[in-house]
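Colleague: This one is data20.cif, mmCIF, C-alpha atoms.
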data_start
#
loop_
_atom_site.group_PDB
_atom_site.id
_atom_site.type_symbol
_atom_site.label_atom_id
_atom_site.label_comp_id
_atom_site.auth_asym_id
_atom_site.auth_seq_id
_atom_site.Cartn_x
_atom_site.Cartn_y
_atom_site.Cartn_z
ATOM 1 C CA MET A 60 4.185 -7.674 21.122
ATOM 2 C CA ASP A 61 5.492 -9.176 17.960
ATOM 3 C CA ALA A 62 2.461 -10.818 16.386
ATOM 4 C CA ARG A 63 3.590 -12.087 12.997
ATOM 5 C CA ARG A 64 1.858 -13.778 10.073
ATOM 6 C CA GLU A 65 2.980 -14.651 6.590
ATOM 7 C CA SER A 66 0.741 -15.123 3.603
ATOM 8 C CA GLU A 67 0.293 -18.653 2.339
ATOM 9 C CA SER A 68 2.238 -18.715 -0.913
ATOM 10 C CA ALA A 69 3.813 -21.197 -3.238
ATOM 11 C CA PRO A 70 7.549 -21.588 -2.554
ATOM 12 C CA LEU A 71 8.582 -19.523 -5.587
ATOM 13 C CA LYS A 72 6.296 -16.593 -4.806
ATOM 14 C CA ASN A 73 7.124 -13.608 -2.659
ATOM 15 C CA ARG A 74 5.678 -13.614 0.851
ATOM 16 C CA THR A 75 3.881 -10.811 2.627
ATOM 17 C CA THR A 76 4.627 -10.450 6.329
ATOM 18 C CA VAL A 77 2.258 -8.624 8.704
ATOM 19 C CA GLU A 78 3.608 -7.654 12.136
ATOM 20 C CA ARG A 79 2.182 -5.647 14.991
ATOM 21 C CA LYS A 80 5.352 -3.827 16.066
ATOM 22 C CA SER A 81 3.857 -1.981 19.038
ATOM 23 C CA GLU A 82 0.508 -1.014 20.525
ATOM 24 C CA ARG A 83 0.099 1.605 17.780
ATOM 25 C CA GLU A 84 2.078 0.329 14.776
ATOM 26 C CA LEU A 85 1.400 -2.305 12.135
ATOM 27 C CA VAL A 86 4.073 -3.179 9.535
ATOM 28 C CA VAL A 87 3.514 -5.053 6.263
ATOM 29 C CA THR A 88 6.617 -6.186 4.348
ATOM 30 C CA ARG A 89 7.035 -7.744 0.905
ATOM 31 C CA THR A 90 9.596 -7.927 -1.858
ATOM 32 C CA VAL A 91 7.986 -7.403 -5.279
ATOM 33 C CA ASN A 92 9.330 -8.216 -8.731
ATOM 34 C CA GLY A 93 10.284 -4.852 -10.187
ATOM 35 C CA PRO A 94 12.705 -1.956 -9.835
ATOM 36 C CA ALA A 95 11.865 0.791 -7.326
ATOM 37 C CA ARG A 96 11.281 3.367 -10.078
ATOM 38 C CA ILE A 97 8.450 1.319 -11.596
ATOM 39 C CA VAL A 98 7.033 0.123 -8.277
ATOM 40 C CA PHE A 99 6.856 3.741 -7.062
ATOM 41 C CA GLU A 100 4.893 4.670 -10.186
ATOM 42 C CA THR A 101 2.342 1.920 -9.487
ATOM 43 C CA TRP A 102 1.676 3.686 -6.161
ATOM 44 C CA THR A 103 1.517 7.217 -7.597
ATOM 45 C CA LYS A 104 -0.226 6.976 -10.986
ATOM 46 C CA PRO A 105 -4.001 6.490 -10.614
ATOM 47 C CA GLU A 106 -4.332 4.476 -13.827
ATOM 48 C CA LEU A 107 -1.802 1.938 -12.471
ATOM 49 C CA PHE A 108 -2.900 2.031 -8.813
ATOM 50 C CA LYS A 109 -6.499 1.161 -9.765
ATOM 51 C CA GLN A 110 -5.285 -2.041 -11.427
ATOM 52 C CA TRP A 111 -3.888 -3.666 -8.287
ATOM 53 C CA TRP A 112 -4.942 -1.975 -5.047
ATOM 54 C CA VAL A 113 -8.232 -3.723 -4.123
ATOM 55 C CA PRO A 114 -8.080 -7.500 -3.550
ATOM 56 C CA LYS A 115 -10.210 -9.143 -6.251
ATOM 57 C CA SER A 116 -11.605 -11.615 -3.719
ATOM 58 C CA MET A 117 -13.406 -8.753 -1.932
ATOM 59 C CA GLY A 118 -15.744 -8.187 -4.882
ATOM 60 C CA MET A 119 -15.032 -4.456 -4.837
ATOM 61 C CA PHE A 120 -13.218 -2.095 -7.189
ATOM 62 C CA LEU A 121 -12.007 1.484 -7.190
ATOM 63 C CA ARG A 122 -14.703 3.559 -8.862
ATOM 64 C CA SER A 123 -12.631 6.704 -8.495
ATOM 65 C CA CYS A 124 -8.956 7.279 -7.769
ATOM 66 C CA GLU A 125 -7.736 10.860 -7.478
ATOM 67 C CA MET A 126 -4.097 11.469 -6.533
ATOM 68 C CA ASP A 127 -2.166 14.732 -6.373
ATOM 69 C CA VAL A 128 1.096 13.092 -5.346
ATOM 70 C CA ARG A 129 3.166 15.928 -3.893
ATOM 71 C CA VAL A 130 3.785 17.209 -0.383
ATOM 72 C CA GLY A 131 0.502 18.842 0.645
ATOM 73 C CA GLY A 132 -1.365 17.171 -2.222
ATOM 74 C CA THR A 133 -4.413 15.035 -1.516
ATOM 75 C CA TYR A 134 -5.842 11.694 -2.543
ATOM 76 C CA ARG A 135 -9.350 10.243 -2.570
ATOM 77 C CA LEU A 136 -10.269 6.615 -3.267
ATOM 78 C CA GLU A 137 -13.937 5.710 -3.757
ATOM 79 C CA PHE A 138 -14.974 2.060 -3.717
ATOM 80 C CA GLU A 139 -17.898 0.240 -5.317
ATOM 81 C CA PRO A 140 -20.239 -1.350 -4.542
ATOM 82 C CA GLU A 141 -19.740 -0.256 -0.920
ATOM 83 C CA GLY A 142 -19.723 3.477 -1.653
ATOM 84 C CA MET A 143 -17.032 4.068 0.973
ATOM 85 C CA ALA A 144 -14.127 6.475 0.506
ATOM 86 C CA PHE A 145 -10.617 6.847 1.853
ATOM 87 C CA PHE A 146 -8.881 10.202 1.658
ATOM 88 C CA GLY A 147 -6.019 12.183 3.085
ATOM 89 C CA THR A 148 -2.952 14.311 2.450
ATOM 90 C CA TYR A 149 0.571 13.463 1.319
ATOM 91 C CA LEU A 150 3.129 14.474 3.953
ATOM 92 C CA ASP A 151 6.275 13.234 2.196
ATOM 93 C CA VAL A 152 6.903 12.283 -1.414
ATOM 94 C CA THR A 153 10.459 11.192 -2.179
ATOM 95 C CA PRO A 154 10.458 9.732 -5.702
ATOM 96 C CA HIS A 155 11.299 6.055 -5.933
ATOM 97 C CA SER A 156 11.989 5.675 -2.197
ATOM 98 C CA ARG A 157 9.253 6.962 0.154
ATOM 99 C CA LEU A 158 5.594 8.016 0.435
ATOM 100 C CA VAL A 159 3.839 9.218 3.587
ATOM 101 C CA TRP A 160 0.149 10.098 3.799
ATOM 102 C CA THR A 161 -2.622 10.661 6.304
ATOM 103 C CA ASN A 162 -5.833 8.652 6.431
ATOM 104 C CA ASP A 163 -8.403 11.309 7.272
ATOM 105 C CA GLU A 164 -11.659 9.371 6.902
ATOM 106 C CA SER A 165 -11.901 9.093 10.703
ATOM 107 C CA ASP A 166 -10.347 10.561 13.829
ATOM 108 C CA ASP A 167 -8.643 7.201 14.370
ATOM 109 C CA GLY A 168 -6.955 7.169 10.972
ATOM 110 C CA ALA A 169 -3.334 6.097 10.729
ATOM 111 C CA VAL A 170 -0.392 7.832 9.126
ATOM 112 C CA THR A 171 0.891 5.455 6.448
ATOM 113 C CA THR A 172 4.526 5.321 5.348
ATOM 114 C CA VAL A 173 5.669 3.181 2.431
ATOM 115 C CA THR A 174 9.351 2.769 1.622
ATOM 116 C CA PHE A 175 10.769 1.311 -1.591
ATOM 117 C CA GLU A 176 14.259 -0.216 -1.414
ATOM 118 C CA GLU A 177 15.642 -1.703 -4.600
ATOM 119 C CA LYS A 178 17.651 -4.896 -4.291
ATOM 120 C CA GLY A 179 18.841 -6.699 -7.405
ATOM 121 C CA GLY A 180 16.020 -5.549 -9.668
ATOM 122 C CA LYS A 181 13.363 -6.265 -7.026
ATOM 123 C CA THR A 182 11.901 -3.840 -4.508
ATOM 124 C CA LEU A 183 11.483 -4.334 -0.783
ATOM 125 C CA LEU A 184 8.212 -2.641 0.203
ATOM 126 C CA VAL A 185 7.703 -1.743 3.841
ATOM 127 C CA LEU A 186 4.272 -0.299 4.668
ATOM 128 C CA ARG A 187 3.929 1.110 8.194
ATOM 129 C CA GLU A 188 0.673 2.302 9.690
ATOM 130 C CA LEU A 189 0.985 4.359 12.863
ATOM 131 C CA TYR A 190 -2.330 4.819 14.665
ATOM 132 C CA PRO A 191 -3.113 7.581 17.179
ATOM 133 C CA SER A 192 -3.809 5.021 19.932
ATOM 134 C CA LYS A 193 -3.781 1.331 20.807
ATOM 135 C CA GLU A 194 -7.579 1.383 20.668
ATOM 136 C CA ALA A 195 -7.529 2.765 17.106
ATOM 137 C CA LEU A 196 -5.240 -0.051 15.924
ATOM 138 C CA ASP A 197 -7.311 -2.625 17.803
ATOM 139 C CA ALA A 198 -10.470 -1.301 16.109
ATOM 140 C CA ALA A 199 -8.818 -1.387 12.678
ATOM 141 C CA GLY A 200 -7.740 -4.964 13.300
ATOM 142 C CA THR A 201 -5.454 -6.694 10.868
ATOM 143 C CA GLY A 202 -8.063 -7.607 8.252
ATOM 144 C CA ALA A 203 -6.979 -4.945 5.779
ATOM 145 C CA ALA A 204 -3.318 -5.720 6.421
ATOM 146 C CA ASP A 205 -4.007 -9.432 5.920
ATOM 147 C CA ALA A 206 -5.581 -8.605 2.541
ATOM 148 C CA MET A 207 -2.278 -7.005 1.543
ATOM 149 C CA GLY A 208 -0.934 -10.469 0.646
ATOM 150 C CA GLU A 209 -3.465 -10.745 -2.159
ATOM 151 C CA THR A 210 -3.087 -7.079 -3.041
ATOM 152 C CA PHE A 211 0.687 -7.380 -3.363
ATOM 153 C CA GLU A 212 0.281 -10.536 -5.495
ATOM 154 C CA GLN A 213 -1.857 -8.402 -7.816
ATOM 155 C CA LEU A 214 0.901 -5.771 -7.810
ATOM 156 C CA ASP A 215 3.433 -8.452 -8.815
ATOM 157 C CA GLU A 216 1.115 -9.518 -11.660
ATOM 158 C CA LEU A 217 0.858 -5.932 -12.891
ATOM 159 C CA LEU A 218 4.625 -5.443 -12.653
ATOM 160 C CA GLY A 219 5.065 -8.530 -14.825
ATOM 161 C CA THR A 220 2.992 -6.898 -17.572
ATOM 162 C CA LEU A 221 4.718 -3.504 -17.316
ATOM 163 C CA GLY A 222 8.325 -4.620 -17.734
ATOM 164 C CA THR A 223 10.585 -1.578 -17.773
ATOM 165 C CA SER A 224 8.376 0.641 -19.934
ATOM 166 C CA VAL A 225 6.585 2.687 -17.261
ATOM 167 C CA GLY A 226 7.601 6.305 -17.059
ATOM 168 C CA ARG A 227 9.777 6.156 -20.170
ATOM 169 C CA PRO A 228 9.131 8.457 -23.097
#
Please express what this file holds, its structure, as structure tokens.

Modeller:
Amino acid sequence: MDARRESESAPLKNRTTVERKSERELVVTRTVNGPARIVFETWTKPELFKQWWVPKSMGMFLRSCEMDVRVGGTYRLEFEPEGMAFFGTYLDVTPHSRLVWTNDESDDGAVTTVTFEEKGGKTLLVLRELYPSKEALDAAGTGAADAMGETFEQLDELLGTLGTSVGRP
């Protein structure tokens, strides 16, 4: 059951890998150009998250991004022009290394886990989505996961503009 795809990238760019690990689990992997401390902040600070999360090619943007990033805290992302929203609860927040949240917009929502592993000034991101059933993953498809290649390229672009200044006084 190891369906695997890699984003089409120039040789010098990082690649995003999308794998269906089991009937219920999808895993997206990419190394991004920045230390784990800064990469983690791009996932947990709304003003940074809004700059890279939605693939520009989709013609959408985050109208609203609310994040209370702590165990038991909630998030809500509202998209325009579609008017759709994604929301859930943070189950685990381990600074600079791990985030886990629920996707509560439907009964078939996944639990998402993102890990951040620093290696030589870069960060290995592993995003895992565990669905409640095979049917839920089948219904979700891999379209959103496939878009992660573009999304993570946008993250790399943002990281290039941030340098090491994020989170410093």

Colleague: Could you build a table of the residues in stretch 141-190 of chain A lying no more than 9 Å from stretch 86-90 of chain A, giving for each the nearest pair of atoms and their separation in Å rounded to one decimal place, using all atoms listed in the file, ordered by chain and ascending residue number, as a tab-separated table?

Modeller:
residue	atom	partner	partner_atom	distance
A:Lys178	CA	A:Thr90	CA	8.9
A:Lys181	CA	A:Thr90	CA	6.6
A:Thr182	CA	A:Thr90	CA	5.4
A:Leu183	CA	A:Thr90	CA	4.2
A:Leu184	CA	A:Arg89	CA	5.3
A:Val185	CA	A:Thr88	CA	4.6
A:Leu186	CA	A:Val87	CA	5.1
A:Arg187	CA	A:Val86	CA	4.5
A:Glu188	CA	A:Val86	CA	6.5
A:Leu189	CA	A:Val86	CA	8.8

Colleague: When distances are computed from only C-alpha atoms, which of A:Trp112, A:Phe120, A:Phe145, A:Tyr190 shows the smallest separation from A:Glu84?

Modeller: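 Smallest distance to A:Glu84 is found for A:Tyr190.
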
Colleague: Just the number, please: distance in Å from atom CA of A:Val77 to atom CA of A:Ala206, one decimal.

Modeller: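 Between atom CA of A:Val77 and atom CA of A:Ala206 the gap works out to 10.0 Å.
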
Colleague: Enter the distance from atom CA of A:Asn73 to atom CA of A:Leu196, in Å, rounded to one decimal.

Modeller: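 Distance between the two atoms: 26.1 Å.
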
Colleague: Anything within 12 Å of (13.4, -0.3, -5.1): list those residues as a PyMOL selection string, counting all atoms listed in the file and sticking to the file's coordinates.

Modeller: chain A and resi 89-100+154-157+173-185

Colleague: In terms of the shortest atom-to-atom distance over all atoms listed in the file, which of A:Thr101, A:Gln213, A:Ser192, A:Ser81 is closest to A:Met126?

Modeller: A:Thr101

Colleague: Hey, can you check how far atom CA of A:Trp111 sits from atom CA of A:Gly208?

Modeller: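 Computing it gives 11.6 Å between the two atoms.
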
Colleague: Quick one: of A:Glu141, A:Glu209, A:Glu216, A:Glu164, who's nearest to A:Val113, counting all atoms listed in the file?

Modeller: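 Looking only at the distances to A:Val113, the closest residue turns out to be A:Glu209.
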
Colleague: Using all atoms listed in the file, give me every residue within 8 Å of (3.1, 14.6, 4.7) in file coordinates, as a count of residues only.

Modeller: 10
